[in-house]
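Note: the block below is entry-v7.cif and it holds mmCIF, C-alpha atoms and all ligand atoms.
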data_structure
#
loop_
_atom_site.label_atom_id
_atom_site.label_comp_id
_atom_site.auth_asym_id
_atom_site.auth_seq_id
_atom_site.Cartn_x
_atom_site.Cartn_y
_atom_site.Cartn_z
CA MET A 12 -12.91 0.33 -49.15
CA GLN A 13 -16.52 1.24 -48.59
CA LEU A 14 -17.33 -2.29 -47.46
CA TYR A 15 -14.48 -2.19 -44.94
CA SER A 16 -15.77 1.07 -43.45
CA LEU A 17 -19.24 -0.39 -43.23
CA CYS A 18 -18.02 -3.49 -41.38
CA PHE A 19 -16.09 -1.28 -39.03
CA ILE A 20 -19.15 0.79 -38.21
CA LEU A 21 -21.26 -2.34 -37.64
CA ASP A 22 -18.61 -3.78 -35.36
CA ARG A 23 -18.41 -0.62 -33.32
CA ALA A 24 -22.16 -0.46 -33.10
CA GLY A 25 -22.31 -4.10 -32.03
CA SER A 26 -19.92 -3.55 -29.19
CA SER A 27 -21.25 -1.11 -26.67
CA SER A 28 -17.73 -0.41 -25.43
CA GLY A 29 -16.80 0.80 -28.93
CA HIS A 30 -13.68 -1.32 -29.38
CA ARG A 31 -12.83 -4.59 -31.11
CA THR A 32 -11.17 -7.05 -28.78
CA GLY A 33 -13.36 -10.11 -29.17
CA ARG A 34 -16.93 -11.22 -28.58
CA ASP A 35 -19.67 -8.89 -27.47
CA PRO A 36 -19.88 -8.67 -23.71
CA VAL A 37 -22.57 -10.57 -21.83
CA SER A 38 -22.95 -7.63 -19.49
CA ILE A 39 -21.64 -4.08 -19.54
CA ILE A 40 -20.56 -1.57 -16.93
CA GLU A 41 -23.72 0.38 -16.22
CA ARG A 42 -22.69 2.55 -13.30
CA ALA A 43 -19.55 3.69 -11.48
CA GLU A 44 -19.84 5.66 -8.25
CA VAL A 45 -17.12 7.44 -6.32
CA LEU A 46 -17.89 7.12 -2.61
CA VAL A 47 -16.20 9.21 0.07
CA THR A 48 -16.47 8.41 3.75
CA SER A 49 -14.55 9.32 6.89
CA PRO A 50 -15.03 6.86 9.77
CA GLY A 51 -12.12 8.35 11.73
CA ARG A 52 -10.09 8.95 8.57
CA ASN A 53 -10.89 9.62 4.90
CA PHE A 54 -11.42 6.82 2.38
CA VAL A 55 -12.33 7.00 -1.31
CA THR A 56 -14.02 3.94 -2.84
CA LEU A 57 -15.02 3.24 -6.43
CA ARG A 58 -18.05 1.00 -6.88
CA ILE A 59 -18.69 -0.40 -10.36
CA THR A 60 -22.06 -2.00 -11.17
CA THR A 61 -22.72 -4.17 -14.22
CA SER A 62 -25.95 -4.43 -16.21
CA ASP A 63 -26.44 -7.82 -14.46
CA GLY A 64 -26.36 -6.07 -11.08
CA VAL A 65 -22.92 -7.39 -10.04
CA THR A 66 -20.94 -4.84 -8.03
CA GLY A 67 -17.21 -4.49 -7.47
CA LEU A 68 -15.30 -2.27 -5.04
CA GLY A 69 -11.96 -0.54 -5.57
CA ASP A 70 -9.89 1.53 -3.12
CA ALA A 71 -8.96 5.00 -4.48
CA THR A 72 -7.59 6.51 -1.27
CA LEU A 73 -4.52 8.78 -1.57
CA ASN A 74 -3.79 9.97 1.95
CA GLY A 75 -3.95 13.76 2.31
CA ARG A 76 -4.77 14.26 -1.41
CA GLU A 77 -8.06 12.33 -1.51
CA LEU A 78 -10.18 14.75 -3.51
CA SER A 79 -7.75 14.88 -6.43
CA VAL A 80 -8.46 11.19 -7.10
CA VAL A 81 -12.20 11.78 -6.64
CA ALA A 82 -12.08 14.44 -9.37
CA TYR A 83 -9.86 12.34 -11.67
CA LEU A 84 -12.27 9.42 -11.40
CA GLN A 85 -15.46 11.44 -11.65
CA GLU A 86 -14.40 13.72 -14.47
CA HIS A 87 -12.13 11.51 -16.57
CA VAL A 88 -12.59 7.82 -15.78
CA VAL A 89 -16.21 7.10 -14.88
CA PRO A 90 -17.54 8.46 -18.23
CA LEU A 91 -15.11 6.16 -20.08
CA LEU A 92 -16.11 3.08 -18.10
CA ILE A 93 -19.82 3.16 -18.87
CA GLY A 94 -20.68 0.59 -21.52
CA ARG A 95 -17.37 -1.28 -21.32
CA ASP A 96 -17.09 -5.03 -20.82
CA PRO A 97 -16.42 -5.56 -17.08
CA GLN A 98 -14.58 -8.82 -17.83
CA LYS A 99 -11.82 -7.10 -19.82
CA ILE A 100 -9.58 -6.11 -16.94
CA GLU A 101 -6.30 -5.91 -18.83
CA ASP A 102 -7.79 -4.06 -21.80
CA THR A 103 -9.42 -1.51 -19.49
CA TRP A 104 -6.12 -1.09 -17.61
CA GLN A 105 -4.24 -0.39 -20.86
CA TYR A 106 -7.04 1.86 -22.11
CA LEU A 107 -6.84 4.07 -19.01
CA TYR A 108 -3.02 3.99 -18.74
CA ARG A 109 -2.02 4.47 -22.38
CA GLY A 110 -5.21 6.33 -23.23
CA ALA A 111 -4.47 9.14 -20.77
CA TYR A 112 -1.27 9.92 -22.74
CA TRP A 113 0.02 11.49 -19.45
CA ARG A 114 1.37 8.38 -17.80
CA ARG A 115 2.00 7.37 -14.22
CA GLY A 116 1.83 9.66 -11.17
CA PRO A 117 0.05 8.88 -7.89
CA VAL A 118 -3.32 10.41 -8.82
CA THR A 119 -3.66 8.64 -12.17
CA MET A 120 -2.36 5.36 -10.79
CA ALA A 121 -4.61 5.47 -7.70
CA ALA A 122 -7.59 5.92 -10.04
CA ILE A 123 -6.48 3.07 -12.35
CA SER A 124 -5.83 0.88 -9.30
CA ALA A 125 -9.37 1.43 -8.04
CA VAL A 126 -10.85 0.43 -11.40
CA ASP A 127 -8.61 -2.63 -11.63
CA ILE A 128 -9.42 -3.82 -8.10
CA ALA A 129 -13.16 -3.32 -8.64
CA LEU A 130 -13.03 -5.32 -11.88
CA TRP A 131 -11.20 -8.21 -10.18
CA ASP A 132 -13.91 -8.13 -7.49
CA ILE A 133 -16.57 -8.35 -10.22
CA LYS A 134 -14.77 -11.18 -12.04
CA GLY A 135 -14.60 -13.10 -8.79
CA LYS A 136 -18.31 -12.65 -8.19
CA ILE A 137 -19.22 -13.58 -11.78
CA THR A 138 -17.14 -16.78 -11.58
CA GLY A 139 -18.03 -17.52 -7.94
CA GLN A 140 -14.34 -17.58 -6.91
CA PRO A 141 -12.26 -15.61 -4.43
CA VAL A 142 -9.81 -13.42 -6.37
CA TYR A 143 -6.74 -15.40 -5.24
CA GLN A 144 -8.11 -18.44 -7.11
CA LEU A 145 -8.29 -16.39 -10.31
CA LEU A 146 -4.65 -15.37 -9.79
CA GLY A 147 -3.50 -18.99 -9.84
CA GLY A 148 -4.63 -20.20 -6.42
CA ALA A 149 -3.00 -20.18 -3.00
CA THR A 150 0.72 -20.88 -2.71
CA ARG A 151 0.65 -20.70 1.13
CA VAL A 152 -1.87 -21.15 3.94
CA GLY A 153 -1.75 -17.48 4.96
CA ALA A 154 0.27 -14.28 4.70
CA LEU A 155 2.74 -13.55 7.52
CA ALA A 156 1.73 -10.15 8.92
CA TYR A 157 3.81 -7.58 10.75
CA ALA A 158 2.45 -5.17 13.33
CA HIS A 159 3.45 -1.62 14.20
CA ALA A 160 4.84 -1.33 17.73
CA SER A 161 6.05 1.96 19.12
CA GLY A 162 6.75 3.94 22.27
CA SER A 163 8.22 7.28 23.18
CA ASP A 164 10.73 5.40 25.40
CA LEU A 165 11.89 1.80 25.91
CA PRO A 166 9.37 0.74 28.61
CA SER A 167 6.41 1.91 26.52
CA LEU A 168 7.93 0.34 23.38
CA PHE A 169 8.24 -3.00 25.24
CA THR A 170 4.59 -2.79 26.35
CA SER A 171 3.54 -2.15 22.76
CA ILE A 172 5.60 -5.12 21.47
CA ARG A 173 4.11 -7.37 24.18
CA ASN A 174 0.58 -6.26 23.33
CA HIS A 175 1.11 -7.22 19.70
CA LEU A 176 2.71 -10.58 20.57
CA ASP A 177 -0.32 -11.26 22.80
CA GLN A 178 -2.57 -10.59 19.81
CA GLY A 179 -0.72 -13.30 17.88
CA PHE A 180 1.69 -11.25 15.74
CA ARG A 181 4.90 -13.04 14.76
CA ALA A 182 6.78 -10.09 13.25
CA ILE A 183 7.08 -6.57 14.68
CA ARG A 184 8.00 -3.16 13.29
CA VAL A 185 9.85 -1.11 15.92
CA GLN A 186 9.67 2.74 16.03
CA THR A 187 10.62 4.94 18.98
CA GLY A 188 10.87 8.52 20.05
CA VAL A 189 14.27 10.20 19.67
CA PRO A 190 15.72 11.98 22.74
CA GLY A 191 15.47 15.74 22.31
CA LEU A 192 12.77 15.59 19.63
CA GLY A 193 8.99 15.84 20.05
CA GLN A 194 6.52 13.75 18.02
CA VAL A 195 8.35 11.78 15.30
CA TYR A 196 7.07 9.52 12.53
CA GLY A 197 5.61 6.16 13.55
CA VAL A 198 5.26 6.71 17.28
CA GLY A 199 1.67 6.47 18.46
CA THR A 200 0.25 7.19 21.88
CA ASN A 201 2.01 5.07 24.52
CA GLN A 202 -0.07 1.93 25.04
CA LYS A 203 -1.05 0.46 28.38
CA VAL A 204 -1.03 -3.32 28.81
CA GLY A 205 -3.72 -4.80 26.53
CA GLU A 206 -4.48 -1.48 24.85
CA LYS A 207 -4.65 -1.18 21.03
CA TYR A 208 -1.99 0.67 19.02
CA ASP A 209 -3.31 4.04 17.92
CA TYR A 210 -1.41 6.12 15.37
CA GLU A 211 -2.88 8.30 12.67
CA PRO A 212 -0.37 10.78 11.25
CA ALA A 213 -2.89 12.45 8.90
CA LYS A 214 -4.49 14.80 11.39
CA ARG A 215 -7.83 16.42 10.63
CA SER A 216 -6.86 19.97 9.96
CA THR A 217 -6.84 22.46 7.10
CA VAL A 218 -3.04 22.77 7.20
CA PRO A 219 -0.40 20.13 7.95
CA LEU A 220 1.02 19.90 11.46
CA GLU A 221 4.79 20.33 11.80
CA GLU A 222 7.16 17.81 13.36
CA GLU A 223 10.88 18.27 13.97
CA TRP A 224 13.83 16.17 12.95
CA ASP A 225 17.52 15.61 13.65
CA SER A 226 19.20 12.79 11.69
CA ALA A 227 22.33 12.74 13.89
CA ALA A 228 20.27 12.26 17.08
CA TYR A 229 18.25 9.52 15.39
CA LEU A 230 21.32 7.68 14.08
CA GLN A 231 22.86 7.81 17.54
CA HIS A 232 19.74 6.46 19.25
CA ILE A 233 18.36 3.66 17.05
CA PRO A 234 21.05 0.93 17.39
CA ALA A 235 20.72 1.03 21.20
CA VAL A 236 16.95 0.58 20.85
CA PHE A 237 17.40 -2.57 18.77
CA GLU A 238 20.03 -3.88 21.17
CA ALA A 239 17.55 -3.49 24.06
CA VAL A 240 14.70 -5.08 22.07
CA ARG A 241 16.87 -8.10 21.15
CA GLU A 242 17.92 -8.51 24.80
CA GLU A 243 14.30 -8.42 25.95
CA PHE A 244 12.60 -10.42 23.18
CA GLY A 245 15.35 -12.70 21.87
CA TRP A 246 16.69 -13.37 18.40
CA SER A 247 13.94 -15.34 16.68
CA LEU A 248 11.38 -12.51 16.44
CA PRO A 249 11.51 -10.81 13.01
CA LEU A 250 12.06 -7.06 13.59
CA LEU A 251 11.49 -4.31 11.04
CA HIS A 252 12.17 -0.58 11.02
CA ASP A 253 11.07 2.35 8.82
CA ALA A 254 13.46 5.30 8.33
CA HIS A 255 10.74 7.07 6.29
CA HIS A 256 12.86 8.61 3.50
CA ARG A 257 14.95 10.81 5.83
CA LEU A 258 18.59 9.88 5.30
CA THR A 259 21.31 10.64 2.79
CA PRO A 260 22.86 7.59 1.06
CA ASN A 261 25.87 7.81 3.38
CA GLU A 262 23.75 8.13 6.54
CA ALA A 263 21.60 5.22 5.37
CA ALA A 264 24.70 3.09 4.73
CA SER A 265 25.94 3.85 8.22
CA LEU A 266 22.54 3.02 9.80
CA GLY A 267 22.39 -0.27 7.89
CA LYS A 268 25.86 -1.17 9.17
CA SER A 269 25.10 -0.24 12.76
CA LEU A 270 21.92 -2.36 12.71
CA GLU A 271 23.59 -5.46 11.23
CA PRO A 272 24.28 -7.03 14.66
CA TYR A 273 20.52 -7.00 15.42
CA ARG A 274 19.59 -8.91 12.22
CA LEU A 275 16.62 -6.92 11.01
CA PHE A 276 14.01 -8.45 8.72
CA TRP A 277 14.27 -5.14 6.83
CA LEU A 278 15.21 -1.50 6.97
CA GLU A 279 12.53 0.44 5.06
CA ASP A 280 12.76 3.63 2.98
CA CYS A 281 16.22 4.53 4.22
CA THR A 282 16.67 7.23 1.52
CA PRO A 283 14.16 9.32 -0.45
CA ALA A 284 12.81 6.79 -2.93
CA GLU A 285 12.92 8.78 -6.16
CA ASN A 286 16.70 8.45 -6.52
CA GLN A 287 17.16 4.76 -7.29
CA GLU A 288 20.94 5.13 -7.76
CA ALA A 289 21.30 6.22 -4.10
CA LEU A 290 20.66 2.64 -3.08
CA ARG A 291 23.89 1.50 -4.76
CA ARG A 292 25.89 3.24 -2.06
CA VAL A 293 23.75 1.75 0.73
CA ARG A 294 23.75 -1.73 -0.76
CA SER A 295 27.50 -1.86 -1.23
CA GLN A 296 28.05 -1.02 2.45
CA THR A 297 25.59 -3.19 4.37
CA THR A 298 23.90 -6.58 4.42
CA THR A 299 20.88 -5.27 6.36
CA PRO A 300 17.92 -6.19 4.08
CA LEU A 301 16.31 -3.20 2.36
CA ALA A 302 12.65 -2.52 1.53
CA ILE A 303 11.40 0.39 -0.56
CA GLY A 304 8.48 1.52 -2.68
CA GLU A 305 5.41 2.75 -0.81
CA VAL A 306 5.47 6.04 -2.74
CA PHE A 307 6.14 4.34 -6.11
CA ASN A 308 3.41 3.90 -8.66
CA SER A 309 4.88 1.95 -11.56
CA VAL A 310 7.31 -0.79 -12.47
CA PHE A 311 9.63 1.86 -13.93
CA ASP A 312 10.24 3.27 -10.44
CA TYR A 313 11.80 -0.11 -9.62
CA GLN A 314 13.79 -0.73 -12.78
CA THR A 315 17.29 -0.02 -11.39
CA LEU A 316 16.42 -1.30 -7.91
CA ILE A 317 15.26 -4.65 -9.23
CA THR A 318 17.68 -5.32 -12.08
CA GLU A 319 20.70 -4.38 -9.91
CA GLN A 320 19.25 -6.22 -6.90
CA LEU A 321 19.56 -3.12 -4.72
CA ILE A 322 16.55 -4.07 -2.57
CA ASP A 323 15.13 -7.21 -0.98
CA TYR A 324 11.45 -6.25 -0.69
CA VAL A 325 8.91 -4.41 -2.85
CA ARG A 326 6.93 -2.15 -0.49
CA SER A 327 4.30 -0.92 -2.93
CA ALA A 328 0.60 -0.52 -2.28
CA VAL A 329 -1.78 -2.42 -4.52
CA THR A 330 -3.82 0.81 -4.48
CA HIS A 331 -1.08 3.02 -5.95
CA THR A 332 0.68 0.81 -8.51
CA GLY A 333 -2.16 0.00 -10.88
CA GLY A 334 -4.10 -2.42 -8.72
CA ILE A 335 -3.76 -6.19 -8.65
CA SER A 336 -2.77 -6.27 -12.35
CA GLY A 337 -0.05 -3.62 -11.95
CA LEU A 338 1.49 -4.97 -8.77
CA LYS A 339 1.40 -8.58 -9.99
CA LYS A 340 3.54 -7.53 -12.96
CA ILE A 341 6.06 -5.82 -10.67
CA MET A 342 6.24 -8.95 -8.51
CA ASP A 343 6.77 -11.23 -11.52
CA PHE A 344 9.65 -8.98 -12.62
CA ALA A 345 11.04 -8.95 -9.03
CA ALA A 346 10.81 -12.76 -8.79
CA ILE A 347 13.51 -13.18 -11.43
CA TYR A 348 15.90 -11.32 -9.08
CA GLN A 349 14.84 -13.12 -5.86
CA ILE A 350 13.13 -9.99 -4.56
CA LYS A 351 10.04 -10.54 -2.43
CA SER A 352 6.88 -8.66 -1.51
CA GLY A 353 6.16 -6.58 1.58
CA PHE A 354 3.01 -4.79 0.51
CA HIS A 355 1.96 -1.52 2.08
CA GLY A 356 -0.87 -2.00 4.60
CA PRO A 357 -1.21 1.04 6.89
CA THR A 358 -4.67 2.27 7.89
CA ASP A 359 -4.76 4.72 4.98
CA ILE A 360 -5.18 1.70 2.68
CA SER A 361 -8.92 0.95 3.07
CA PRO A 362 -10.14 -2.56 3.91
CA VAL A 363 -10.87 -2.93 0.18
CA GLY A 364 -7.21 -2.24 -0.65
CA GLN A 365 -6.06 -4.48 2.20
CA ALA A 366 -8.23 -7.34 0.91
CA ALA A 367 -6.83 -6.90 -2.62
CA ALA A 368 -3.28 -7.09 -1.22
CA LEU A 369 -4.12 -10.27 0.69
CA HIS A 370 -5.44 -12.06 -2.42
CA LEU A 371 -2.17 -11.23 -4.19
CA ASP A 372 -0.11 -12.25 -1.11
CA LEU A 373 -1.71 -15.66 -1.13
CA ALA A 374 -1.23 -16.25 -4.85
CA ILE A 375 2.31 -15.03 -5.66
CA HIS A 376 5.28 -17.29 -5.03
CA ASN A 377 7.69 -14.49 -4.04
CA PHE A 378 5.64 -13.32 -1.06
CA GLY A 379 7.70 -11.92 1.84
CA ILE A 380 5.51 -10.31 4.48
CA GLN A 381 2.34 -8.16 4.72
CA GLU A 382 1.97 -4.98 6.76
CA TYR A 383 -1.15 -5.10 8.96
CA MET A 384 -1.91 -2.01 10.98
CA GLN A 385 -5.54 -2.93 11.81
CA HIS A 386 -8.42 -0.55 11.07
CA SER A 387 -10.57 1.12 13.70
CA ALA A 388 -13.94 -0.35 14.71
CA PRO A 389 -15.97 2.33 12.83
CA THR A 390 -13.95 1.66 9.65
CA LEU A 391 -14.67 -2.07 9.91
CA GLU A 392 -18.38 -1.33 10.33
CA VAL A 393 -18.47 0.67 7.09
CA PHE A 394 -16.31 -1.93 5.28
CA GLN A 395 -17.29 -5.44 6.33
CA THR A 396 -14.45 -7.80 5.55
CA SER A 397 -14.01 -11.55 5.29
CA TYR A 398 -10.28 -11.62 5.99
CA THR A 399 -9.01 -13.36 9.08
CA PHE A 400 -5.92 -13.11 11.28
CA GLU A 401 -4.83 -16.30 13.03
CA ASN A 402 -1.44 -17.42 14.38
CA GLY A 403 0.21 -14.37 12.89
CA LEU A 404 -1.12 -15.16 9.40
CA LEU A 405 -3.70 -13.24 7.36
CA HIS A 406 -6.11 -14.94 4.96
CA PRO A 407 -8.46 -13.09 2.58
CA GLY A 408 -11.35 -15.55 3.08
CA ASP A 409 -13.23 -17.54 0.45
CA ASN A 410 -16.13 -15.29 -0.48
CA PRO A 411 -16.44 -14.70 -4.24
CA GLY A 412 -14.47 -11.61 -5.30
CA LEU A 413 -12.52 -9.62 -2.71
CA GLY A 414 -14.85 -10.41 0.19
CA VAL A 415 -15.62 -6.83 1.25
CA GLU A 416 -19.08 -5.22 1.60
CA TYR A 417 -19.72 -1.48 1.84
CA ASP A 418 -22.44 -0.12 4.16
CA ASP A 419 -23.77 2.96 2.31
CA ALA A 420 -26.09 4.12 5.06
CA LEU A 421 -23.39 4.08 7.72
CA ALA A 422 -20.73 5.49 5.36
CA GLY A 423 -23.05 8.44 4.67
CA THR A 424 -22.98 9.44 8.34
CA PHE A 425 -19.18 10.06 8.19
CA GLU A 426 -18.54 13.18 6.14
CA TYR A 427 -15.19 13.94 4.48
CA GLN A 428 -12.95 16.18 6.57
CA PRO A 429 -9.73 17.75 5.31
CA ALA A 430 -6.70 15.96 6.80
CA TYR A 431 -3.01 16.29 6.02
CA LEU A 432 0.11 14.26 6.69
CA PRO A 433 2.61 16.28 8.77
CA VAL A 434 5.57 18.17 7.38
CA ASN A 435 9.01 17.89 8.94
CA ARG A 436 11.49 20.64 9.81
CA LEU A 437 15.05 20.32 11.09
CA ALA A 438 15.20 21.00 14.84
CA LEU A 439 18.41 22.96 14.25
CA ASP A 440 17.16 25.72 11.96
CA GLY A 441 13.69 24.91 10.64
CA THR A 442 14.78 23.74 7.16
CA LEU A 443 12.01 21.69 5.58
CA HIS A 444 13.03 18.00 5.56
CA ASP A 445 11.43 14.81 4.19
CA TRP A 446 8.66 13.57 6.49
C1 LIG B 501 4.21 2.54 6.41
C2 LIG B 501 4.13 3.92 5.90
C3 LIG B 501 2.97 4.71 6.37
C4 LIG B 501 2.93 6.06 5.66
C5 LIG B 501 1.52 6.43 5.35
C6 LIG B 501 1.39 7.76 4.65
O1 LIG B 501 5.31 2.02 6.38
O2 LIG B 501 3.19 2.00 6.76
O3 LIG B 501 5.35 4.58 6.01
O4 LIG B 501 2.96 4.81 7.75
O5 LIG B 501 3.53 7.05 6.43
O6 LIG B 501 0.97 5.43 4.57
O7 LIG B 501 0.08 7.92 4.24
MG MG B 502 6.76 3.08 5.38
#
Give the structure from the file, written as structure tokens.
Amino acid sequence: MQLYSLCFILDRAGSSSGHRTGRDPVSIIERAEVLVTSPGRNFVTLRITTSDGVTGLGDATLNGRELSVVAYLQEHVVPLLIGRDPQKIEDTWQYLYRGAYWRRGPVTMAAISAVDIALWDIKGKITGQPVYQLLGGATRVGALAYAHASGSDLPSLFTSIRNHLDQGFRAIRVQTGVPGLGQVYGVGTNQKVGEKYDYEPAKRSTVPLEEEWDSAAYLQHIPAVFEAVREEFGWSLPLLHDAHHRLTPNEAASLGKSLEPYRLFWLEDCTPAENQEALRRVRSQTTTPLAIGEVFNSVFDYQTLITEQLIDYVRSAVTHTGGISGLKKIMDFAAIYQIKSGFHGPTDISPVGQAAALHLDLAIHNFGIQEYMQHSAPTLEVFQTSYTFENGLLHPGDNPGLGVEYDDALAGTFEYQPAYLPVNRLALDGTLHDW
């Protein structure tokens, strides 16, 4: 008994991470820094450094709630990382997930995602391989990307679609203004010919801005928009649309039906995502393909949706579902049910998160499409990326790891500023509605 205890103590002492899952590490995690910058919008980045001087980056941005993840990482994760073996990605994932006792939730999962992504970056650099090679290698030459096009009316929507086609996009998300309503989700400033799409819903402000909503007006308007877009741009262009969690199951079923003639690539977030059963009603009524999941953070959020084949696309962010390791598991589960990926890629996913998504896109067999909203020039100066966009396809590049560098000096010139996503109220009587 005494001998056993002694061995145990020696083993613990021999392993600086204090656990027994194999050989002693060659290097250990020496430092983990939580970096906040705001080149036009807020980003939170975790940088892990090993005792060999290898660094890895992870994206910990949770739009509008950034500082909660900063605190979670700083207070409860960074102290646990120091001394651990940077090569043990899965063990660290389980240690942070099961070890917290309080499972799931966007803050916890954004923090775990950042650690996971940073450790994949480090493993890539240690082995000299881009991350997609470590995930099994490329199963395609690039990831089909879709752009955001929008306009307050049809002529400005058409200009926006043309601008994106001119840039090489081969799939387009279509959002428009709704007659009678002011600013609505997804509609940026009207673009002129050749001008870049500009839409940032998280406005810098100490309180959220308010938008107004009317589901009946929206349901009346949208089918005519898609009819006009099909007439103008033909039938071969993949078109997507985001209803942003606003409809009841019955309204969503009716929208899906009314859009069937225009053969959408997908209808996204037609109902509030937390009620998985709601999708049964929608699914039984329409063949319009459905995508859901950008606010999910674990495989359990998808359990009914995947096993009952209620959706066609997993919309999750690699930054909110436990990183590359977490999202890969969801996609392997989804593959059994012929459900594909459509990973979240708006500008509130940092270039580090976008790169992580691209490595996964390239490696998984059940890839569908990748959202690509394109970051601003200042953001791409702080985060220098190796990913490319050619012929409508994204590629993560072949640098070891994720292929993203962080410019500390420049990042330091952009201080955090409070910013909130809008809230939505019904135009009729001011009732708070889903945004
Ligand atoms: C999308 C999303 C985003 C979200 C944003 C919130 O489909 O890209 O709906 O536009 O609104 O990520 O932070
Ligand atoms: Mg969306």
Which residues come within 12 Å of A:Leu176, counting all atoms listed in the file, excluding same-chain residues fewer than 2 positions away, as a PyMOL selection string? chain A and resi 156-160+169-174+178-184+204-205+207+244+248-249+402-403
Distance limit 12 Å, reference ligand MG 502 (chain B), atoms considered: only C-alpha atoms and all ligand atoms. Which residues make the cut? Give them as a VMD selection string. chain A and resid 159 184 to 186 196 to 197 251 to 257 277 to 284 301 to 307 325 to 328 353 to 359 382 to 384 446
Could you dump the residues just selected with C-alpha atoms as a compact mmCIF listing (two decimals), in the frame of the given file?
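See result-v3.txt below for the written result:
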# COMPACT_ATOMS: atom_id res chain seq x y z
CA HIS A 159 3.45 -1.62 14.20
CA ARG A 184 8.00 -3.16 13.29
CA VAL A 185 9.85 -1.11 15.92
CA GLN A 186 9.67 2.74 16.03
CA TYR A 196 7.07 9.52 12.53
CA GLY A 197 5.61 6.16 13.55
CA LEU A 251 11.49 -4.31 11.04
CA HIS A 252 12.17 -0.58 11.02
CA ASP A 253 11.07 2.35 8.82
CA ALA A 254 13.46 5.30 8.33
CA HIS A 255 10.74 7.07 6.29
CA HIS A 256 12.86 8.61 3.50
CA ARG A 257 14.95 10.81 5.83
CA TRP A 277 14.27 -5.14 6.83
CA LEU A 278 15.21 -1.50 6.97
CA GLU A 279 12.53 0.44 5.06
CA ASP A 280 12.76 3.63 2.98
CA CYS A 281 16.22 4.53 4.22
CA THR A 282 16.67 7.23 1.52
CA PRO A 283 14.16 9.32 -0.45
CA ALA A 284 12.81 6.79 -2.93
CA LEU A 301 16.31 -3.20 2.36
CA ALA A 302 12.65 -2.52 1.53
CA ILE A 303 11.40 0.39 -0.56
CA GLY A 304 8.48 1.52 -2.68
CA GLU A 305 5.41 2.75 -0.81
CA VAL A 306 5.47 6.04 -2.74
CA PHE A 307 6.14 4.34 -6.11
CA VAL A 325 8.91 -4.41 -2.85
CA ARG A 326 6.93 -2.15 -0.49
CA SER A 327 4.30 -0.92 -2.93
CA ALA A 328 0.60 -0.52 -2.28
CA GLY A 353 6.16 -6.58 1.58
CA PHE A 354 3.01 -4.79 0.51
CA HIS A 355 1.96 -1.52 2.08
CA GLY A 356 -0.87 -2.00 4.60
CA PRO A 357 -1.21 1.04 6.89
CA THR A 358 -4.67 2.27 7.89
CA ASP A 359 -4.76 4.72 4.98
CA GLU A 382 1.97 -4.98 6.76
CA TYR A 383 -1.15 -5.10 8.96
CA MET A 384 -1.91 -2.01 10.98
CA TRP A 446 8.66 13.57 6.49
Counting all atoms listed in the file, figure out which residue out of A:Gln314, A:Ser352, A:Ser265, A:Ser38 gets nearest to A:Ser295.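 Once distances to A:Ser295 are computed over all atoms listed in the file, the minimum belongs to A:Ser265.
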Between atom CA of A:Gly191 and atom C5 of ligand LIG 501 (chain B) - distance in Å to one decimal: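 According to the coordinates, atom C5 of ligand LIG 501 (chain B) and atom CA of A:Gly191 are separated by 23.9 Å.
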Mind listing whatever residues come within 9 Å of the point (25.0, 7.3, 3.5)? Use only C-alpha atoms, file coordinates, and give them as an NGL selection string. :A and (258-266 or 282 or 289 or 292-293 or 296)
Next, write the just-selected residues to a file, as a short mmCIF file (atom, residue, chain, number, x, y, z; two decimals), keeping the file's coordinate frame, keeping C-alpha atoms as the atom set.
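Writing done, so here's selection35.cif:
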data_model
loop_
_atom_site.label_atom_id
_atom_site.label_comp_id
_atom_site.auth_asym_id
_atom_site.auth_seq_id
_atom_site.Cartn_x
_atom_site.Cartn_y
_atom_site.Cartn_z
CA LEU A 258 18.59 9.88 5.30
CA THR A 259 21.31 10.64 2.79
CA PRO A 260 22.86 7.59 1.06
CA ASN A 261 25.87 7.81 3.38
CA GLU A 262 23.75 8.13 6.54
CA ALA A 263 21.60 5.22 5.37
CA ALA A 264 24.70 3.09 4.73
CA SER A 265 25.94 3.85 8.22
CA LEU A 266 22.54 3.02 9.80
CA THR A 282 16.67 7.23 1.52
CA ALA A 289 21.30 6.22 -4.10
CA ARG A 292 25.89 3.24 -2.06
CA VAL A 293 23.75 1.75 0.73
CA GLN A 296 28.05 -1.02 2.45
#
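Among the candidate residues A:Tyr106, A:Glu223, A:Leu84, A:Glu211, the one lying nearest to ligand LIG 501 (chain B) is A:Glu211, with distances computed using all atoms listed in the file.
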Could you tell me how far atom CA of A:Gln395 lies from atom CA of A:Lys134, in Å and to one decimal?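 So the answer is 19.4 Å.
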Give me, please, the distance in Å between atom CA of A:Tyr108 and atom CA of A:Ala366, quoted to one decimal.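 Distance between the two atoms: 23.3 Å.
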How big is the axis-aligned box, and where does its centre sit, when it encloses all atoms of ligand LIG 501 (chain B) listed in the file and has 3 Å added on every side, reported in Å to one decimal as JSON?
{"center_x": 2.7, "center_y": 5.0, "center_z": 6.0, "size_x": 11.3, "size_y": 11.9, "size_z": 9.5}
Selection near A:Leu413, 8 Å with all atoms listed in the file, sequence-local residues under 5 positions removed, as a compact mmCIF listing (two decimals) with C-alpha atoms, keeping the file's coordinate frame:
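Listed below is the output, around-v4.txt:
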# COMPACT_ATOMS: atom_id res chain seq x y z
CA TRP A 131 -11.20 -8.21 -10.18
CA ASP A 132 -13.91 -8.13 -7.49
CA GLY A 135 -14.60 -13.10 -8.79
CA PRO A 141 -12.26 -15.61 -4.43
CA VAL A 142 -9.81 -13.42 -6.37
CA VAL A 363 -10.87 -2.93 0.18
CA ALA A 366 -8.23 -7.34 0.91
CA ALA A 367 -6.83 -6.90 -2.62
CA HIS A 370 -5.44 -12.06 -2.42
CA PRO A 407 -8.46 -13.09 2.58
